[in-house]
$ cat protein27.cif   # mmCIF, C-alpha atoms
data_work
loop_
_atom_site.label_atom_id
_atom_site.label_comp_id
_atom_site.auth_asym_id
_atom_site.auth_seq_id
_atom_site.Cartn_x
_atom_site.Cartn_y
_atom_site.Cartn_z
CA MET A 1 -27.26 -32.34 33.03
CA ALA A 2 -28.65 -31.68 29.52
CA VAL A 3 -27.54 -34.95 27.85
CA LEU A 4 -30.58 -36.75 26.43
CA LYS A 5 -28.91 -39.98 25.35
CA THR A 6 -25.46 -41.34 24.51
CA LEU A 7 -25.53 -43.53 21.41
CA GLU A 8 -23.01 -46.33 21.54
CA GLY A 9 -22.25 -49.26 19.28
CA HIS A 10 -19.57 -48.29 16.77
CA GLN A 11 -16.30 -50.22 17.18
CA ALA A 12 -14.04 -47.41 15.89
CA SER A 13 -14.03 -43.64 15.60
CA VAL A 14 -17.33 -42.04 14.59
CA PHE A 15 -16.45 -39.51 11.90
CA ASP A 16 -19.78 -37.91 11.00
CA VAL A 17 -23.47 -37.76 11.89
CA ALA A 18 -26.54 -36.22 10.27
CA PHE A 19 -30.18 -35.78 11.26
CA SER A 20 -32.93 -36.77 8.86
CA PRO A 21 -34.78 -33.68 7.61
CA ASP A 22 -37.96 -34.89 9.34
CA GLY A 23 -36.10 -35.32 12.64
CA GLU A 24 -37.14 -38.97 13.02
CA PHE A 25 -33.69 -40.51 12.87
CA LEU A 26 -29.98 -39.85 13.00
CA VAL A 27 -27.35 -41.55 10.87
CA SER A 28 -23.73 -42.07 11.94
CA VAL A 29 -20.73 -43.41 10.04
CA SER A 30 -17.52 -44.84 11.37
CA GLN A 31 -14.12 -46.10 10.49
CA ASP A 32 -15.49 -49.50 11.60
CA GLN A 33 -17.17 -49.70 8.17
CA THR A 34 -20.71 -49.40 9.46
CA ILE A 35 -23.59 -47.02 8.94
CA ARG A 36 -25.95 -46.81 11.91
CA LEU A 37 -29.47 -45.51 11.43
CA TRP A 38 -30.68 -44.47 14.88
CA ASN A 39 -34.40 -44.19 15.66
CA LEU A 40 -34.75 -41.04 17.76
CA GLU A 41 -37.79 -42.38 19.67
CA THR A 42 -36.33 -45.72 20.74
CA PHE A 43 -32.61 -44.93 20.28
CA GLU A 44 -32.18 -48.33 18.65
CA ALA A 45 -30.05 -48.61 15.53
CA GLN A 46 -30.23 -50.47 12.27
CA VAL A 47 -26.67 -51.37 11.26
CA PHE A 48 -25.59 -51.44 7.62
CA GLN A 49 -22.26 -53.07 6.82
CA ALA A 50 -20.06 -51.32 4.26
CA ASN A 51 -16.77 -52.73 2.98
CA ARG A 52 -14.58 -49.68 3.55
CA GLY A 53 -13.95 -47.02 6.18
CA LEU A 54 -16.54 -44.24 6.20
CA ASN A 55 -16.00 -40.66 7.21
CA SER A 56 -18.83 -38.41 6.00
CA VAL A 57 -22.60 -38.64 5.61
CA ASP A 58 -25.69 -36.70 4.56
CA LEU A 59 -29.34 -37.54 4.01
CA SER A 60 -31.44 -36.50 1.03
CA PRO A 61 -34.17 -33.94 1.78
CA ASP A 62 -36.85 -36.63 1.28
CA SER A 63 -34.99 -38.89 3.77
CA ARG A 64 -34.88 -41.73 1.23
CA LEU A 65 -31.15 -41.77 0.44
CA ILE A 66 -28.06 -41.84 2.60
CA ALA A 67 -24.93 -40.48 0.93
CA VAL A 68 -21.74 -41.80 2.51
CA GLY A 69 -18.19 -40.61 1.87
CA THR A 70 -15.44 -43.20 2.09
CA LEU A 71 -11.79 -43.14 2.98
CA ASP A 72 -10.99 -44.73 -0.40
CA HIS A 73 -12.22 -41.87 -2.58
CA THR A 74 -15.82 -42.85 -3.38
CA VAL A 75 -19.31 -41.68 -2.53
CA GLU A 76 -21.82 -44.45 -1.86
CA LEU A 77 -25.59 -44.10 -2.02
CA TRP A 78 -27.66 -46.31 0.31
CA ASP A 79 -31.39 -46.66 0.89
CA LEU A 80 -33.02 -46.89 4.32
CA GLU A 81 -33.22 -50.68 4.04
CA GLY A 82 -29.42 -50.95 3.98
CA ARG A 83 -29.03 -51.57 0.24
CA GLN A 84 -26.20 -49.83 -1.55
CA SER A 85 -27.46 -48.54 -4.89
CA HIS A 86 -24.58 -46.55 -6.39
CA ILE A 87 -20.85 -45.94 -6.02
CA LEU A 88 -19.68 -42.58 -7.39
CA SER A 89 -16.04 -42.26 -8.43
CA GLY A 90 -14.24 -39.06 -9.30
CA HIS A 91 -12.16 -38.05 -6.31
CA GLU A 92 -8.54 -38.95 -5.66
CA GLY A 93 -8.65 -38.54 -1.88
CA ALA A 94 -10.85 -39.37 1.09
CA ILE A 95 -14.29 -37.77 1.01
CA THR A 96 -14.36 -35.20 3.81
CA ALA A 97 -17.89 -33.74 3.46
CA LEU A 98 -21.18 -34.33 1.69
CA GLN A 99 -24.26 -32.17 1.34
CA PHE A 100 -27.47 -32.46 -0.64
CA SER A 101 -29.01 -29.33 -2.12
CA PRO A 102 -32.31 -28.32 -0.48
CA ASP A 103 -34.29 -29.73 -3.43
CA GLY A 104 -32.29 -32.98 -3.52
CA GLN A 105 -31.32 -32.52 -7.17
CA LEU A 106 -27.62 -32.07 -6.42
CA LEU A 107 -25.10 -33.68 -4.10
CA MET A 108 -21.82 -31.96 -3.25
CA SER A 109 -18.75 -33.95 -2.23
CA ARG A 110 -15.56 -32.43 -0.85
CA SER A 111 -12.33 -34.39 -0.69
CA SER A 112 -8.78 -34.27 0.61
CA ASP A 113 -7.79 -34.08 -3.08
CA ARG A 114 -8.74 -30.35 -2.89
CA LYS A 115 -11.73 -30.83 -5.21
CA VAL A 116 -15.44 -30.26 -4.82
CA ILE A 117 -17.66 -32.31 -7.15
CA VAL A 118 -21.30 -31.45 -7.71
CA TRP A 119 -23.25 -34.56 -8.71
CA ASN A 120 -26.53 -34.44 -10.68
CA MET A 121 -28.78 -36.82 -8.77
CA ASP A 122 -31.38 -37.17 -11.56
CA ASP A 123 -28.68 -38.36 -13.95
CA ILE A 124 -27.25 -40.75 -11.38
CA LEU A 125 -30.56 -42.25 -10.28
CA THR A 126 -31.96 -42.70 -13.80
CA ALA A 127 -28.78 -43.77 -15.60
CA ASN A 128 -28.35 -47.26 -16.97
CA PRO A 129 -25.73 -48.95 -14.72
CA LEU A 130 -24.02 -50.39 -17.81
CA ASP A 131 -23.59 -46.88 -19.23
CA LEU A 132 -21.99 -45.71 -15.97
CA GLY A 133 -19.66 -48.72 -16.01
CA CYS A 134 -18.66 -48.02 -19.58
CA ASP A 135 -17.96 -44.37 -18.75
CA TRP A 136 -15.63 -45.59 -16.03
CA VAL A 137 -13.67 -48.14 -18.11
CA ARG A 138 -13.80 -46.60 -21.61
CA ASP A 139 -10.36 -44.95 -21.36
CA TYR A 140 -8.81 -48.20 -20.13
CA LEU A 141 -10.37 -50.21 -22.95
CA VAL A 142 -9.12 -47.80 -25.59
CA ASN A 143 -5.62 -47.17 -24.26
CA SER A 144 -4.45 -50.21 -22.30
CA LEU A 145 -1.89 -52.50 -23.87
CA ASN A 146 -3.52 -55.39 -21.96
CA VAL A 147 -6.79 -55.18 -23.94
CA GLU A 148 -7.14 -57.12 -27.18
CA GLU A 149 -8.04 -55.08 -30.26
CA GLY A 150 -11.43 -56.77 -30.62
CA ASP A 151 -12.42 -55.78 -27.05
CA ARG A 152 -11.57 -52.07 -27.36
CA GLY A 153 -15.03 -51.23 -28.75
CA VAL A 154 -17.08 -53.05 -26.11
CA CYS A 155 -18.36 -49.75 -24.71
CA GLY A 156 -18.85 -48.08 -28.08
#
$ encode --input "protein27.cif" --output "structure tokens"
Amino acid sequence: MAVLKTLEGHQASVFDVAFSPDGEFLVSVSQDQTIRLWNLETFEAQVFQANRGLNSVDLSPDSRLIAVGTLDHTVELWDLEGRQSHILSGHEGAITALQFSPDGQLLMSRSSDRKVIVWNMDDILTANPLDLGCDWVRDYLVNSLNVEEGDRGVCG
């Protein structure tokens, strides 16, 4: 039999897996809302707890970032210590695939909303988080009837 090892631990369906470019570890994501980073020497896993169902994953070419696609329309970026650094919004359906460009400068996300988004990683990783938040809520602040006139200009 050619099976090397069966990796078990997820409590729900495993939707995607990816090898690190250096071949040292494997990452898996599941509907159980966990990311498992498997060491391919010991076959032990670090478990990172997300707060939503996960269904796609890719690793950056430098093996420093894990991109995770969620069932609720976002792409999350995690480091290898289990810290979530960014949540990328733009899709209107579950993320069905992710892939970094070979140089790591771009990240592609595909969704059930029939869209492909190409993300500029330099812009994402160097952006001021407050600027990203303002980009996300600016339309609401300007157009919502629930926002007081004096608060409409909070994000410039």
$ atom_distance --input "protein27.cif" --atom1 "CA of Gly53 in chain A" --atom2 "CA of Gln84 in chain A"
14.8 Å
$ residues_around --input "protein27.cif" --residues "range 14-21 of chain A" --least-positions-apart "6" --cutoff "6 Å" --atoms "all atoms listed in the file" --output "PyMOL selection string"
chain A and resi 27-30+55-56+58+61+63
$ residues_around --input "protein27.cif" --residues "Ile117 in chain A" --least-positions-apart "5" --cutoff "7 Å" --atoms "all atoms listed in the file" --output "list of chain:residue names"
A:Met108, A:Ser109, A:Arg110
$ atom_distance --input "protein27.cif" --atom1 "CA of Trp78 in chain A" --atom2 "CA of Asp22 in chain A"
17.8 Å
$ resolve_selection --input "protein27.cif" --expression "the PyMOL selection byres ((chain A and resi 34) around 7)" --output "PDB file with C-alpha atoms, in the coordinates of the input"
ATOM      1  CA  VAL A  29     -20.730 -43.410  10.040  1.00  0.00           C
ATOM      2  CA  SER A  30     -17.520 -44.840  11.370  1.00  0.00           C
ATOM      3  CA  ASP A  32     -15.490 -49.500  11.600  1.00  0.00           C
ATOM      4  CA  GLN A  33     -17.170 -49.700   8.170  1.00  0.00           C
ATOM      5  CA  ILE A  35     -23.590 -47.020   8.940  1.00  0.00           C
ATOM      6  CA  ARG A  36     -25.950 -46.810  11.910  1.00  0.00           C
ATOM      7  CA  VAL A  47     -26.670 -51.370  11.260  1.00  0.00           C
ATOM      8  CA  PHE A  48     -25.590 -51.440   7.620  1.00  0.00           C
ATOM      9  CA  GLN A  49     -22.260 -53.070   6.820  1.00  0.00           C
ATOM     10  CA  ALA A  50     -20.060 -51.320   4.260  1.00  0.00           C
TER      11      ALA A  50
END
$ atom_distance --input "protein27.cif" --atom1 "CA of Trp38 in chain A" --atom2 "CA of Gln99 in chain A"
19.4 Å
$ closest_residue --input "protein27.cif" --among "A:Gln105, A:Ser60, A:Ser111, A:Thr6" --to "Leu40 in chain A" --atoms "all atoms listed in the file"
A:Thr6
$ closest_residue --input "protein27.cif" --among "A:Asn51, A:Ser85, A:Thr96, A:Gln11" --to "His73 in chain A" --atoms "all atoms listed in the file"
A:Thr96
$ residues_around --input "protein27.cif" --residues "Leu77 in chain A" --least-positions-apart "5" --cutoff "10 Å" --atoms "only C-alpha atoms" --output "count of residues only"
16
$ build_atoms --input "protein27.cif" --residues "range 83-104 of chain A" --atoms "N, CA, C and O atoms" --output "PDB file, keeping the file's coordinate frame"
ATOM      1  N   ARG A  83     -29.519 -51.139   1.557  1.00  0.00           N
ATOM      2  CA  ARG A  83     -29.030 -51.570   0.240  1.00  0.00           C
ATOM      3  C   ARG A  83     -28.236 -50.455  -0.401  1.00  0.00           C
ATOM      4  O   ARG A  83     -28.720 -49.328  -0.517  1.00  0.00           O
ATOM      5  N   GLN A  84     -27.037 -50.793  -0.829  1.00  0.00           N
ATOM      6  CA  GLN A  84     -26.200 -49.830  -1.550  1.00  0.00           C
ATOM      7  C   GLN A  84     -26.659 -49.812  -3.005  1.00  0.00           C
ATOM      8  O   GLN A  84     -26.772 -50.857  -3.638  1.00  0.00           O
ATOM      9  N   SER A  85     -26.951 -48.621  -3.525  1.00  0.00           N
ATOM     10  CA  SER A  85     -27.460 -48.540  -4.890  1.00  0.00           C
ATOM     11  C   SER A  85     -26.446 -48.013  -5.894  1.00  0.00           C
ATOM     12  O   SER A  85     -26.514 -48.371  -7.066  1.00  0.00           O
ATOM     13  N   HIS A  86     -25.537 -47.156  -5.468  1.00  0.00           N
ATOM     14  CA  HIS A  86     -24.580 -46.550  -6.390  1.00  0.00           C
ATOM     15  C   HIS A  86     -23.248 -46.302  -5.690  1.00  0.00           C
ATOM     16  O   HIS A  86     -23.227 -46.021  -4.492  1.00  0.00           O
ATOM     17  N   ILE A  87     -22.167 -46.370  -6.472  1.00  0.00           N
ATOM     18  CA  ILE A  87     -20.850 -45.940  -6.020  1.00  0.00           C
ATOM     19  C   ILE A  87     -20.376 -44.893  -7.023  1.00  0.00           C
ATOM     20  O   ILE A  87     -20.307 -45.166  -8.215  1.00  0.00           O
ATOM     21  N   LEU A  88     -20.086 -43.691  -6.532  1.00  0.00           N
ATOM     22  CA  LEU A  88     -19.680 -42.580  -7.390  1.00  0.00           C
ATOM     23  C   LEU A  88     -18.171 -42.378  -7.270  1.00  0.00           C
ATOM     24  O   LEU A  88     -17.654 -42.172  -6.173  1.00  0.00           O
ATOM     25  N   SER A  89     -17.494 -42.447  -8.393  1.00  0.00           N
ATOM     26  CA  SER A  89     -16.040 -42.260  -8.430  1.00  0.00           C
ATOM     27  C   SER A  89     -15.716 -40.954  -9.128  1.00  0.00           C
ATOM     28  O   SER A  89     -16.396 -40.571 -10.064  1.00  0.00           O
ATOM     29  N   GLY A  90     -14.669 -40.303  -8.693  1.00  0.00           N
ATOM     30  CA  GLY A  90     -14.240 -39.060  -9.300  1.00  0.00           C
ATOM     31  C   GLY A  90     -13.200 -38.328  -8.462  1.00  0.00           C
ATOM     32  O   GLY A  90     -12.479 -37.482  -8.966  1.00  0.00           O
ATOM     33  N   HIS A  91     -13.150 -38.676  -7.204  1.00  0.00           N
ATOM     34  CA  HIS A  91     -12.160 -38.050  -6.310  1.00  0.00           C
ATOM     35  C   HIS A  91     -10.894 -38.900  -6.257  1.00  0.00           C
ATOM     36  O   HIS A  91     -10.901 -40.087  -6.576  1.00  0.00           O
ATOM     37  N   GLU A  92      -9.818 -38.265  -5.817  1.00  0.00           N
ATOM     38  CA  GLU A  92      -8.540 -38.950  -5.660  1.00  0.00           C
ATOM     39  C   GLU A  92      -8.073 -38.928  -4.208  1.00  0.00           C
ATOM     40  O   GLU A  92      -6.920 -39.224  -3.922  1.00  0.00           O
ATOM     41  N   GLY A  93      -8.964 -38.566  -3.307  1.00  0.00           N
ATOM     42  CA  GLY A  93      -8.650 -38.540  -1.880  1.00  0.00           C
ATOM     43  C   GLY A  93      -9.903 -38.888  -1.089  1.00  0.00           C
ATOM     44  O   GLY A  93     -11.000 -39.022  -1.645  1.00  0.00           O
ATOM     45  N   ALA A  94      -9.739 -39.042   0.207  1.00  0.00           N
ATOM     46  CA  ALA A  94     -10.850 -39.370   1.090  1.00  0.00           C
ATOM     47  C   ALA A  94     -11.925 -38.294   1.010  1.00  0.00           C
ATOM     48  O   ALA A  94     -11.626 -37.096   0.923  1.00  0.00           O
ATOM     49  N   ILE A  95     -13.172 -38.715   1.036  1.00  0.00           N
ATOM     50  CA  ILE A  95     -14.290 -37.770   1.010  1.00  0.00           C
ATOM     51  C   ILE A  95     -14.426 -37.180   2.410  1.00  0.00           C
ATOM     52  O   ILE A  95     -14.583 -37.909   3.384  1.00  0.00           O
ATOM     53  N   THR A  96     -14.362 -35.855   2.505  1.00  0.00           N
ATOM     54  CA  THR A  96     -14.360 -35.200   3.810  1.00  0.00           C
ATOM     55  C   THR A  96     -15.686 -34.532   4.160  1.00  0.00           C
ATOM     56  O   THR A  96     -15.910 -34.194   5.314  1.00  0.00           O
ATOM     57  N   ALA A  97     -16.569 -34.331   3.178  1.00  0.00           N
ATOM     58  CA  ALA A  97     -17.890 -33.740   3.460  1.00  0.00           C
ATOM     59  C   ALA A  97     -18.832 -34.034   2.314  1.00  0.00           C
ATOM     60  O   ALA A  97     -18.412 -34.151   1.158  1.00  0.00           O
ATOM     61  N   LEU A  98     -20.106 -34.131   2.662  1.00  0.00           N
ATOM     62  CA  LEU A  98     -21.180 -34.330   1.690  1.00  0.00           C
ATOM     63  C   LEU A  98     -22.333 -33.422   2.061  1.00  0.00           C
ATOM     64  O   LEU A  98     -22.583 -33.200   3.251  1.00  0.00           O
ATOM     65  N   GLN A  99     -23.052 -32.934   1.039  1.00  0.00           N
ATOM     66  CA  GLN A  99     -24.260 -32.170   1.340  1.00  0.00           C
ATOM     67  C   GLN A  99     -25.183 -32.178   0.128  1.00  0.00           C
ATOM     68  O   GLN A  99     -24.772 -31.879  -0.980  1.00  0.00           O
ATOM     69  N   PHE A 100     -26.447 -32.557   0.387  1.00  0.00           N
ATOM     70  CA  PHE A 100     -27.470 -32.460  -0.640  1.00  0.00           C
ATOM     71  C   PHE A 100     -27.953 -31.026  -0.742  1.00  0.00           C
ATOM     72  O   PHE A 100     -28.005 -30.305   0.269  1.00  0.00           O
ATOM     73  N   SER A 101     -28.346 -30.615  -1.943  1.00  0.00           N
ATOM     74  CA  SER A 101     -29.010 -29.330  -2.120  1.00  0.00           C
ATOM     75  C   SER A 101     -30.402 -29.423  -1.484  1.00  0.00           C
ATOM     76  O   SER A 101     -30.939 -30.523  -1.316  1.00  0.00           O
ATOM     77  N   PRO A 102     -30.995 -28.276  -1.135  1.00  0.00           N
ATOM     78  CA  PRO A 102     -32.310 -28.320  -0.480  1.00  0.00           C
ATOM     79  C   PRO A 102     -33.386 -29.055  -1.277  1.00  0.00           C
ATOM     80  O   PRO A 102     -34.280 -29.667  -0.697  1.00  0.00           O
ATOM     81  N   ASP A 103     -33.295 -29.037  -2.615  1.00  0.00           N
ATOM     82  CA  ASP A 103     -34.290 -29.730  -3.430  1.00  0.00           C
ATOM     83  C   ASP A 103     -33.905 -31.177  -3.736  1.00  0.00           C
ATOM     84  O   ASP A 103     -34.660 -31.914  -4.378  1.00  0.00           O
ATOM     85  N   GLY A 104     -32.725 -31.613  -3.311  1.00  0.00           N
ATOM     86  CA  GLY A 104     -32.290 -32.980  -3.520  1.00  0.00           C
ATOM     87  C   GLY A 104     -31.796 -33.287  -4.922  1.00  0.00           C
ATOM     88  O   GLY A 104     -31.438 -34.422  -5.216  1.00  0.00           O
TER      89      GLY A 104
END
